[in-house]
file protein-v3.cif (mmCIF, C-alpha atoms)
data_start
loop_
_atom_site.label_atom_id
_atom_site.label_comp_id
_atom_site.auth_asym_id
_atom_site.auth_seq_id
_atom_site.Cartn_x
_atom_site.Cartn_y
_atom_site.Cartn_z
CA MET A 1 -30.22 10.82 36.18
CA ASN A 2 -31.60 9.67 32.84
CA LEU A 3 -32.06 5.93 32.83
CA ILE A 4 -32.83 3.76 29.82
CA ILE A 5 -34.06 0.19 29.73
CA VAL A 6 -32.29 -1.96 27.15
CA ASN A 7 -32.29 -5.57 26.12
CA ARG A 8 -29.55 -7.53 27.90
CA LYS A 9 -27.94 -8.71 24.63
CA VAL A 10 -27.79 -5.17 23.24
CA PHE A 11 -26.19 -4.01 26.47
CA LEU A 12 -23.50 -6.70 26.36
CA LEU A 13 -22.78 -5.92 22.69
CA GLY A 14 -22.28 -2.26 23.60
CA VAL A 15 -19.93 -3.17 26.45
CA MET A 16 -17.90 -5.45 24.14
CA ALA A 17 -17.70 -2.71 21.51
CA LEU A 18 -16.40 -0.26 24.11
CA LEU A 19 -13.81 -2.78 25.32
CA LEU A 20 -12.63 -3.46 21.76
CA LEU A 21 -12.25 0.24 21.02
CA GLY A 22 -10.43 0.80 24.30
CA SER A 23 -7.97 -2.01 23.68
CA GLY A 24 -7.08 -0.64 20.25
CA ILE A 25 -7.06 -4.15 18.79
CA TYR A 26 -10.02 -3.66 16.48
CA VAL A 27 -9.07 -3.76 12.82
CA SER A 28 -11.65 -2.67 10.31
CA PRO A 29 -12.55 -5.18 7.61
CA THR A 30 -10.47 -4.37 4.55
CA SER A 31 -12.11 -3.54 1.27
CA ALA A 32 -10.29 -6.52 -0.23
CA GLU A 33 -11.94 -8.77 2.34
CA LYS A 34 -15.24 -7.17 1.51
CA GLY A 35 -14.46 -7.95 -2.11
CA LYS A 36 -14.69 -4.34 -3.21
CA SER A 37 -11.76 -2.02 -3.85
CA VAL A 38 -11.91 1.55 -2.69
CA PHE A 39 -8.41 2.32 -3.89
CA TYR A 40 -9.48 3.60 -7.28
CA LYS A 41 -12.43 5.54 -8.59
CA PHE A 42 -13.72 6.61 -11.98
CA ASP A 43 -15.50 9.72 -13.16
CA LYS A 44 -18.76 9.60 -15.13
CA SER A 45 -16.88 9.24 -18.41
CA GLY A 46 -15.06 6.16 -17.14
CA ASN A 47 -11.74 7.93 -16.63
CA LEU A 48 -9.65 6.86 -13.66
CA LEU A 49 -9.26 9.52 -10.97
CA GLN A 50 -5.68 10.28 -9.94
CA PRO A 51 -4.91 7.95 -7.02
CA LYS A 52 -4.05 9.58 -3.70
CA GLY A 53 -1.96 8.56 -0.73
CA TYR A 54 -0.03 5.89 -2.63
CA ARG A 55 3.32 6.96 -1.15
CA GLU A 56 2.06 5.45 2.08
CA TRP A 57 1.16 2.13 0.43
CA VAL A 58 3.54 -0.83 0.21
CA PHE A 59 6.51 -0.08 -2.01
CA VAL A 60 7.44 -3.12 -4.10
CA GLY A 61 10.49 -2.17 -6.15
CA SER A 62 12.44 0.52 -7.96
CA PRO A 63 13.55 -0.32 -11.48
CA LEU A 64 15.71 2.32 -13.13
CA THR A 65 16.14 2.85 -16.85
CA PRO A 66 17.92 6.19 -17.08
CA ASN A 67 18.18 8.22 -20.25
CA ASP A 68 21.98 8.10 -20.12
CA MET A 69 21.89 4.30 -20.48
CA ASN A 70 19.36 4.44 -23.34
CA ASN A 71 20.83 6.90 -25.83
CA GLY A 72 18.94 9.74 -24.16
CA LYS A 73 15.61 8.16 -25.11
CA ALA A 74 14.47 5.93 -22.24
CA ALA A 75 10.91 4.70 -22.69
CA PHE A 76 10.38 5.22 -18.96
CA PRO A 77 12.53 8.03 -17.64
CA GLU A 78 13.85 7.20 -15.11
CA PHE A 79 13.36 5.75 -11.61
CA HIS A 80 10.07 3.86 -11.21
CA HIS A 81 8.69 3.61 -7.69
CA VAL A 82 5.94 1.02 -7.65
CA TYR A 83 3.28 0.74 -4.92
CA ILE A 84 0.36 -1.54 -3.99
CA PRO A 85 -2.25 -0.91 -1.24
CA HIS A 86 -1.57 -2.73 2.05
CA GLU A 87 -4.77 -4.75 1.85
CA GLN A 88 -4.00 -6.05 -1.61
CA PHE A 89 -0.39 -6.77 -0.65
CA LYS A 90 -1.78 -8.86 2.20
CA VAL A 91 -3.96 -10.83 -0.21
CA TYR A 92 -0.99 -11.40 -2.54
CA LYS A 93 1.13 -12.55 0.41
CA ASN A 94 -1.55 -15.02 1.48
CA THR A 95 -2.74 -16.30 -1.88
CA GLY A 96 0.01 -15.46 -4.35
CA ALA A 97 -2.58 -13.76 -6.57
CA PHE A 98 -3.64 -10.20 -7.29
CA PRO A 99 -7.29 -9.89 -6.27
CA ASP A 100 -9.92 -8.36 -8.51
CA GLY A 101 -9.79 -4.64 -7.80
CA THR A 102 -6.01 -4.46 -7.51
CA ILE A 103 -4.33 -1.18 -8.33
CA LEU A 104 -0.61 -0.67 -8.76
CA VAL A 105 0.83 2.83 -8.96
CA LYS A 106 4.11 3.66 -10.65
CA GLU A 107 5.65 7.01 -9.82
CA LEU A 108 8.41 8.22 -12.11
CA LEU A 109 11.36 10.18 -10.73
CA SER A 110 14.08 11.97 -12.58
CA VAL A 111 17.69 11.09 -11.92
CA GLY A 112 19.02 13.72 -9.54
CA LYS A 113 22.66 13.67 -8.48
CA LYS A 114 25.03 11.02 -9.77
CA GLN A 115 27.68 11.52 -7.13
CA ALA A 116 27.34 11.57 -3.35
CA PRO A 117 29.57 10.96 -0.32
CA SER A 118 28.47 7.30 -0.54
CA GLY A 119 29.88 6.94 -4.04
CA LYS A 120 28.96 7.26 -7.68
CA GLY A 121 25.51 6.16 -8.63
CA TYR A 122 21.97 7.21 -9.32
CA PHE A 123 20.03 9.29 -6.81
CA ASN A 124 16.31 10.12 -6.87
CA GLY A 125 15.54 13.58 -8.26
CA ASP A 126 12.08 15.06 -8.74
CA PHE A 127 8.69 13.44 -9.23
CA ILE A 128 8.06 13.68 -12.95
CA GLY A 129 5.36 11.18 -13.77
CA LEU A 130 2.50 9.09 -12.46
CA GLU A 131 1.05 5.92 -13.93
CA ALA A 132 -1.33 3.25 -12.71
CA THR A 133 -2.73 -0.13 -13.64
CA VAL A 134 -6.02 -1.59 -12.49
CA LYS A 135 -7.30 -5.16 -12.56
CA ASP A 136 -11.06 -5.08 -12.86
CA THR A 137 -12.83 -8.12 -14.26
CA LYS A 138 -16.11 -6.30 -14.83
CA ARG A 139 -15.00 -2.96 -16.19
CA TYR A 140 -12.13 -4.41 -18.25
CA LYS A 141 -13.57 -7.75 -19.19
CA ASN A 142 -12.29 -7.27 -22.75
CA GLU A 143 -8.76 -6.28 -21.81
CA PRO A 144 -6.20 -9.11 -21.74
CA GLY A 145 -5.94 -10.29 -18.13
CA ASN A 146 -8.56 -7.66 -17.23
CA TRP A 147 -5.79 -5.11 -16.65
CA ALA A 148 -6.05 -1.52 -17.89
CA TYR A 149 -3.24 1.05 -17.89
CA PHE A 150 -3.31 4.79 -17.24
CA SER A 151 -0.92 7.73 -17.35
CA PHE A 152 -1.45 10.99 -15.48
CA THR A 153 1.91 12.35 -16.57
CA THR A 154 2.17 15.86 -18.02
CA PRO A 155 5.18 17.82 -19.29
CA ILE A 156 7.71 18.43 -16.49
CA GLY A 157 6.76 21.27 -14.16
CA GLN A 158 3.00 20.93 -14.68
CA PRO A 159 0.74 19.20 -12.17
CA HIS A 160 -0.28 15.69 -13.14
CA ASN A 161 -3.65 15.22 -14.83
CA LYS A 162 -6.53 14.64 -12.43
CA THR A 163 -8.03 11.90 -14.56
CA ALA A 164 -6.75 9.47 -17.16
CA LYS A 165 -8.31 7.39 -19.90
CA ALA A 166 -7.41 3.70 -20.24
CA MET A 167 -4.55 3.30 -22.72
CA PRO A 168 -5.09 1.28 -25.89
CA LYS A 169 -4.08 -2.39 -25.54
CA THR A 170 -1.12 -1.97 -27.85
CA LYS A 171 0.38 0.78 -25.72
CA CYS A 172 0.96 -1.06 -22.40
CA ASN A 173 -0.98 -4.29 -22.04
CA PHE A 174 0.80 -5.92 -24.96
CA CYS A 175 4.23 -5.67 -23.34
CA HIS A 176 2.96 -6.70 -19.90
CA GLN A 177 1.23 -9.72 -21.40
CA ALA A 178 4.39 -10.77 -23.21
CA PHE A 179 7.03 -10.16 -20.55
CA ALA A 180 5.57 -9.71 -17.07
CA LYS A 181 6.17 -12.71 -14.84
CA ASP A 182 3.01 -12.90 -12.75
CA ASP A 183 -0.48 -11.97 -13.98
CA TRP A 184 0.61 -9.02 -16.15
CA VAL A 185 2.78 -7.63 -13.30
CA PHE A 186 6.57 -7.39 -13.64
CA THR A 187 7.15 -9.13 -10.30
CA GLN A 188 10.55 -10.27 -11.53
CA TYR A 189 11.69 -6.67 -10.94
CA TYR A 190 9.73 -6.14 -7.70
CA PRO A 191 11.65 -7.99 -4.98
CA VAL A 192 9.12 -7.22 -2.26
CA LEU A 193 6.37 -9.00 -4.20
CA LYS A 194 8.71 -11.76 -5.33
CA ASP A 195 9.70 -12.42 -1.74
CA ALA A 196 6.13 -12.19 -0.43
CA LYS A 197 4.69 -14.76 -2.84
CA PRO A 198 3.80 -17.99 -1.02
CA GLY A 199 6.11 -20.89 -1.76
CA ARG A 200 9.11 -18.62 -2.24
CA LYS A 201 10.60 -19.19 1.22
CA MET B 202 -36.51 -11.13 27.82
CA ASN B 203 -33.68 -9.92 30.07
CA LEU B 204 -33.82 -6.19 30.53
CA ILE B 205 -31.14 -4.03 32.08
CA ILE B 206 -31.41 -0.46 33.32
CA VAL B 207 -28.43 1.69 32.33
CA ASN B 208 -27.43 5.30 32.61
CA ARG B 209 -28.39 7.29 29.49
CA LYS B 210 -24.80 8.48 28.84
CA VAL B 211 -23.39 4.95 29.11
CA PHE B 212 -26.08 3.78 26.69
CA LEU B 213 -25.22 6.46 24.12
CA LEU B 214 -21.51 5.69 24.45
CA GLY B 215 -22.23 2.04 23.72
CA VAL B 216 -24.31 2.95 20.67
CA MET B 217 -21.56 5.24 19.36
CA ALA B 218 -18.96 2.51 19.89
CA LEU B 219 -21.10 0.06 17.93
CA LEU B 220 -21.57 2.58 15.11
CA LEU B 221 -17.80 3.30 14.94
CA LEU B 222 -16.99 -0.41 14.78
CA GLY B 223 -19.63 -0.95 12.14
CA SER B 224 -18.40 1.90 9.95
CA GLY B 225 -14.83 0.62 10.12
CA ILE B 226 -13.49 4.16 10.56
CA TYR B 227 -12.00 3.59 13.99
CA VAL B 228 -8.23 3.83 14.03
CA SER B 229 -6.36 2.82 17.15
CA PRO B 230 -4.19 5.50 18.75
CA THR B 231 -0.67 5.27 17.34
CA SER B 232 2.37 4.76 19.48
CA ALA B 233 3.72 8.10 18.20
CA GLU B 234 0.59 9.82 19.47
CA LYS B 235 1.08 8.06 22.76
CA GLY B 236 4.60 9.53 22.76
CA LYS B 237 6.34 6.15 22.90
CA SER B 238 7.98 4.32 20.04
CA VAL B 239 7.35 0.61 19.68
CA PHE B 240 9.22 0.35 16.39
CA TYR B 241 12.50 -0.74 17.91
CA LYS B 242 13.53 -2.82 20.86
CA PHE B 243 16.77 -3.73 22.59
CA ASP B 244 17.96 -6.88 24.28
CA LYS B 245 19.40 -6.90 27.81
CA SER B 246 22.90 -6.13 26.50
CA GLY B 247 21.63 -3.01 24.75
CA ASN B 248 21.78 -4.50 21.25
CA LEU B 249 19.05 -3.48 18.81
CA LEU B 250 16.72 -6.29 17.80
CA GLN B 251 16.31 -6.80 14.06
CA PRO B 252 13.32 -4.65 13.02
CA LYS B 253 10.32 -6.46 11.57
CA GLY B 254 7.60 -5.47 9.10
CA TYR B 255 9.51 -2.50 7.71
CA ARG B 256 8.65 -3.36 4.08
CA GLU B 257 5.13 -2.25 4.95
CA TRP B 258 6.33 1.09 6.37
CA VAL B 259 6.64 4.27 4.28
CA PHE B 260 9.33 3.97 1.64
CA VAL B 261 11.24 7.25 1.29
CA GLY B 262 13.77 6.75 -1.47
CA SER B 263 16.11 4.39 -3.32
CA PRO B 264 19.67 5.59 -3.81
CA LEU B 265 21.85 3.32 -5.88
CA THR B 266 25.64 3.11 -5.78
CA PRO B 267 26.43 -0.02 -7.74
CA ASN B 268 29.78 -1.76 -7.68
CA ASP B 269 30.20 -1.30 -11.42
CA MET B 270 30.20 2.50 -10.99
CA ASN B 271 32.64 2.34 -8.07
CA ASN B 272 35.55 0.23 -9.33
CA GLY B 273 33.89 -2.87 -7.95
CA LYS B 274 34.18 -1.56 -4.39
CA ALA B 275 31.00 0.34 -3.53
CA ALA B 276 30.80 1.27 0.15
CA PHE B 277 27.10 0.41 0.05
CA PRO B 278 26.35 -2.31 -2.48
CA GLU B 279 23.97 -1.54 -4.11
CA PHE B 280 20.31 -0.43 -4.07
CA HIS B 281 19.26 1.10 -0.73
CA HIS B 282 15.57 0.95 0.09
CA VAL B 283 14.89 3.27 3.00
CA TYR B 284 11.79 3.09 5.21
CA ILE B 285 10.23 5.01 8.11
CA PRO B 286 7.19 3.93 10.20
CA HIS B 287 3.89 5.55 9.16
CA GLU B 288 3.42 7.27 12.50
CA GLN B 289 6.83 8.89 12.39
CA PHE B 290 6.35 9.87 8.76
CA LYS B 291 3.15 11.61 9.84
CA VAL B 292 5.02 13.54 12.53
CA TYR B 293 7.70 14.56 10.00
CA LYS B 294 5.00 15.69 7.55
CA ASN B 295 3.32 17.80 10.22
CA THR B 296 6.34 19.22 12.02
CA GLY B 297 9.27 18.84 9.63
CA ALA B 298 11.22 17.09 12.38
CA PHE B 299 12.11 13.50 13.25
CA PRO B 300 10.60 12.77 16.66
CA ASP B 301 12.55 11.20 19.48
CA GLY B 302 12.20 7.46 18.95
CA THR B 303 12.51 7.61 15.16
CA ILE B 304 13.86 4.56 13.38
CA LEU B 305 14.88 4.43 9.73
CA VAL B 306 15.59 1.11 8.09
CA LYS B 307 17.83 0.71 5.07
CA GLU B 308 17.54 -2.53 3.16
CA LEU B 309 20.30 -3.31 0.69
CA LEU B 310 19.57 -5.09 -2.58
CA SER B 311 21.95 -6.48 -5.12
CA VAL B 312 21.77 -5.33 -8.70
CA GLY B 313 19.86 -7.98 -10.60
CA LYS B 314 19.33 -7.68 -14.34
CA LYS B 315 20.72 -4.74 -16.26
CA GLN B 316 18.54 -5.20 -19.31
CA ALA B 317 14.78 -5.56 -19.57
CA PRO B 318 12.05 -4.99 -22.17
CA SER B 319 11.79 -1.44 -20.79
CA GLY B 320 15.40 -0.70 -21.62
CA LYS B 321 18.87 -0.81 -20.15
CA GLY B 322 19.21 0.03 -16.52
CA TYR B 323 19.47 -1.29 -13.02
CA PHE B 324 16.90 -3.71 -11.66
CA ASN B 325 16.49 -4.88 -8.06
CA GLY B 326 18.05 -8.25 -7.36
CA ASP B 327 18.16 -10.00 -3.98
CA PHE B 328 18.00 -8.68 -0.45
CA ILE B 329 21.60 -8.68 0.74
CA GLY B 330 21.76 -6.37 3.73
CA LEU B 331 19.86 -4.67 6.50
CA GLU B 332 20.81 -1.55 8.42
CA ALA B 333 19.00 0.80 10.76
CA THR B 334 19.42 4.09 12.55
CA VAL B 335 17.67 5.16 15.72
CA LYS B 336 17.21 8.59 17.26
CA ASP B 337 16.97 8.18 21.01
CA THR B 338 17.80 11.16 23.22
CA LYS B 339 18.05 9.09 26.38
CA ARG B 340 19.85 5.99 25.23
CA TYR B 341 22.17 7.84 22.87
CA LYS B 342 22.59 11.11 24.69
CA ASN B 343 26.33 11.04 23.96
CA GLU B 344 26.01 10.30 20.24
CA PRO B 345 26.07 13.33 17.92
CA GLY B 346 22.44 14.25 17.20
CA ASN B 347 21.41 11.33 19.44
CA TRP B 348 21.47 9.00 16.43
CA ALA B 349 22.98 5.51 16.58
CA TYR B 350 23.64 3.22 13.62
CA PHE B 351 23.33 -0.55 13.29
CA SER B 352 24.05 -3.25 10.73
CA PHE B 353 22.43 -6.68 10.70
CA THR B 354 24.15 -7.64 7.46
CA THR B 355 25.92 -10.97 7.16
CA PRO B 356 27.78 -12.57 4.25
CA ILE B 357 25.46 -13.16 1.27
CA GLY B 358 23.28 -16.26 1.64
CA GLN B 359 23.21 -16.22 5.44
CA PRO B 360 20.24 -14.89 7.42
CA HIS B 361 20.74 -11.40 8.83
CA ASN B 362 21.86 -11.13 12.46
CA LYS B 363 19.01 -11.01 14.96
CA THR B 364 20.65 -8.26 16.99
CA ALA B 365 23.17 -5.52 16.31
CA LYS B 366 25.44 -3.39 18.43
CA ALA B 367 25.59 0.38 17.89
CA MET B 368 28.40 1.24 15.48
CA PRO B 369 31.25 3.44 16.67
CA LYS B 370 30.71 7.16 15.89
CA THR B 371 33.47 7.20 13.31
CA LYS B 372 31.85 4.44 11.29
CA CYS B 373 28.49 6.05 10.35
CA ASN B 374 27.57 9.06 12.45
CA PHE B 375 30.57 11.06 11.28
CA CYS B 376 29.49 11.00 7.63
CA HIS B 377 25.81 11.63 8.42
CA GLN B 378 26.76 14.61 10.59
CA ALA B 379 28.92 16.07 7.85
CA PHE B 380 26.75 15.49 4.79
CA ALA B 381 23.13 14.65 5.65
CA LYS B 382 20.76 17.50 4.95
CA ASP B 383 18.21 17.24 7.76
CA ASP B 384 18.99 16.09 11.31
CA TRP B 385 21.57 13.44 10.35
CA VAL B 386 19.21 12.03 7.66
CA PHE B 387 20.13 12.16 3.96
CA THR B 388 16.77 13.68 3.03
CA GLN B 389 18.37 15.22 -0.06
CA TYR B 390 18.28 11.69 -1.55
CA TYR B 391 14.85 10.74 -0.16
CA PRO B 392 12.27 12.53 -2.34
CA VAL B 393 9.29 11.31 -0.31
CA LEU B 394 10.66 12.99 2.83
CA LYS B 395 11.85 16.04 0.91
CA ASP B 396 8.39 16.50 -0.56
CA ALA B 397 6.61 15.84 2.74
CA LYS B 398 8.54 18.45 4.72
CA PRO B 399 6.31 21.42 5.57
CA GLY B 400 7.09 24.58 3.63
CA ARG B 401 8.23 22.63 0.57
CA LYS B 402 4.97 23.04 -1.36
#

call {"tool": "encode", "arguments": {"input": "protein-v3.cif", "output": "structure tokens"}}
result
Amino acid sequence: MNLIIVNRKVFLLGVMALLLLGSGIYVSPTSAEKGKSVFYKFDKSGNLLQPKGYREWVFVGSPLTPNDMNNGKAAFPEFHHVYIPHEQFKVYKNTGAFPDGTILVKELLSVGKKQAPSGKGYFNGDFIGLEATVKDTKRYKNEPGNWAYFSFTTPIGQPHNKTAKAMPKTKCNFCHQAFAKDDWVFTQYYPVLKDAKPGRK
Amino acid sequence: MNLIIVNRKVFLLGVMALLLLGSGIYVSPTSAEKGKSVFYKFDKSGNLLQPKGYREWVFVGSPLTPNDMNNGKAAFPEFHHVYIPHEQFKVYKNTGAFPDGTILVKELLSVGKKQAPSGKGYFNGDFIGLEATVKDTKRYKNEPGNWAYFSFTTPIGQPHNKTAKAMPKTKCNFCHQAFAKDDWVFTQYYPVLKDAKPGRK
């Protein structure tokens, strides 16, 4: 039998750690709590890497501006599925503010069927686009609100780009600044965020 | 200094537990992995309790059958936001099947605005309904596919019911059995599930 002599405090710490793991109640500190986001990364040229795993984040709303309601020329064809990481959703729910390091992902889906057993309407088709916005007070200190906007979208049928350059202010930020309800985010169209904001209930 | 003599293996286990906690990579075993769903519960009369926390589950799709496309009488007014717990989504992604104990939640939202700076369309309004379906081979052994359907919806403005009784077969199951693509679930309208199913890529 190999025996080891340890300090009593170290021993008790080890026992507590084992108990915590066994109980399954341990929750790792979130990056938001650590004050550092790990939900987005950049390459050496400062381009945003395509976010991953966002379909398992918190979905906040699904605006729809289909081509057939916009003379065949919708600016954002067509369904928009918008997501925020769980940790940042939690911060928003507690504070009503988007923390530094927030990322929101907007996935674009074509309109699929327009008729189903449930009635006439609009039904999600294929994934056709991917966009993101990042709030980063250091990296985007010169962008209004410190938000930058990115598109990974390619022509239909091709895989999305793996990286994206921040869009010029006039392309996205301008409209968000003018019309978005809460800190450059269109929360007025995202009921899950609207409902989560403190003071709403 | 208090010293304690411990077995070498116990000591190493304690050190590993401390390291795991420190790294924040420990994830507690999921209920799905334990083979027991904790995502739905029943009261003593066998009524399903209103599910909680589903807006932080995996969103799978957002069909829309608005009143104004259905002569003012949509069967399901109007946006449907459909969710599945992360653990069960993981099982579906790995196996292509909904495990026993699956719950899907469908939240109904009114149509809010129909015009925004992004164009004409349909924008999420208020939460107006809550429905769920449960696959339970024991409890619903006599239901087709072992799926039962529930509605917590109340007239607009009132809080949803806290419990719901399983609907008669003819009310929901019938249509799901006839038209849903995968195991009584309308995956043809849920792109996130459609894309996750093994063999799709």

call {"tool": "atom_distance", "arguments": {"input": "protein-v3.cif", "atom1": "CA of Thr133 (chain A)", "atom2": "CA of Phe76 (chain A)"}}
result
15.1 Å

call {"tool": "resolve_selection", "arguments": {"input": "protein-v3.cif", "expression": "the PyMOL selection byres ((chain B and resi 350-365) around 7)", "output": "compact mmCIF listing (two decimals) with C-alpha atoms, keeping the file's coordinate frame"}}
result
# COMPACT_ATOMS: atom_id res chain seq x y z
CA ASN B 248 21.78 -4.50 21.25
CA LEU B 249 19.05 -3.48 18.81
CA LEU B 250 16.72 -6.29 17.80
CA GLN B 251 16.31 -6.80 14.06
CA ILE B 329 21.60 -8.68 0.74
CA GLY B 330 21.76 -6.37 3.73
CA LEU B 331 19.86 -4.67 6.50
CA GLU B 332 20.81 -1.55 8.42
CA ALA B 333 19.00 0.80 10.76
CA THR B 334 19.42 4.09 12.55
CA VAL B 335 17.67 5.16 15.72
CA TRP B 348 21.47 9.00 16.43
CA ALA B 349 22.98 5.51 16.58
CA LYS B 366 25.44 -3.39 18.43
CA ALA B 367 25.59 0.38 17.89
CA MET B 368 28.40 1.24 15.48
CA CYS B 373 28.49 6.05 10.35

call {"tool": "atom_distance", "arguments": {"input": "protein-v3.cif", "atom1": "CA of Phe59 (chain A)", "atom2": "CA of Lys138 (chain A)"}}
result
26.7 Å

call {"tool": "axis_aligned_box", "arguments": {"input": "protein-v3.cif", "around": "region 312-328 of chain B", "padding_each_side": "3 Å", "output": "AutoDock Vina command-line options"}}
result
--center_x 16.8 --center_y -5.0 --center_z -11.3 --size_x 16.0 --size_y 16.0 --size_z 27.7

call {"tool": "atom_distance", "arguments": {"input": "protein-v3.cif", "atom1": "CA of Asn271 (chain B)", "atom2": "CA of Leu310 (chain B)"}}
result
16.0 Å

call {"tool": "resolve_selection", "arguments": {"input": "protein-v3.cif", "expression": "the PyMOL selection byres ((chain B and resi 379-396) around 10)", "output": "PyMOL selection string"}}
result
(chain A and resi 55-56+109+112-113+116-118+122-127) or (chain B and resi 259-264+282-285+290+293-294+297-299+305+334+336+345-348+374-378+397-402)

call {"tool": "closest_residue", "arguments": {"input": "protein-v3.cif", "among": "A:Gly119, A:Pro85, A:Pro99, A:Pro168", "to": "chain B", "atoms": "only C-alpha atoms"}}
result
A:Gly119
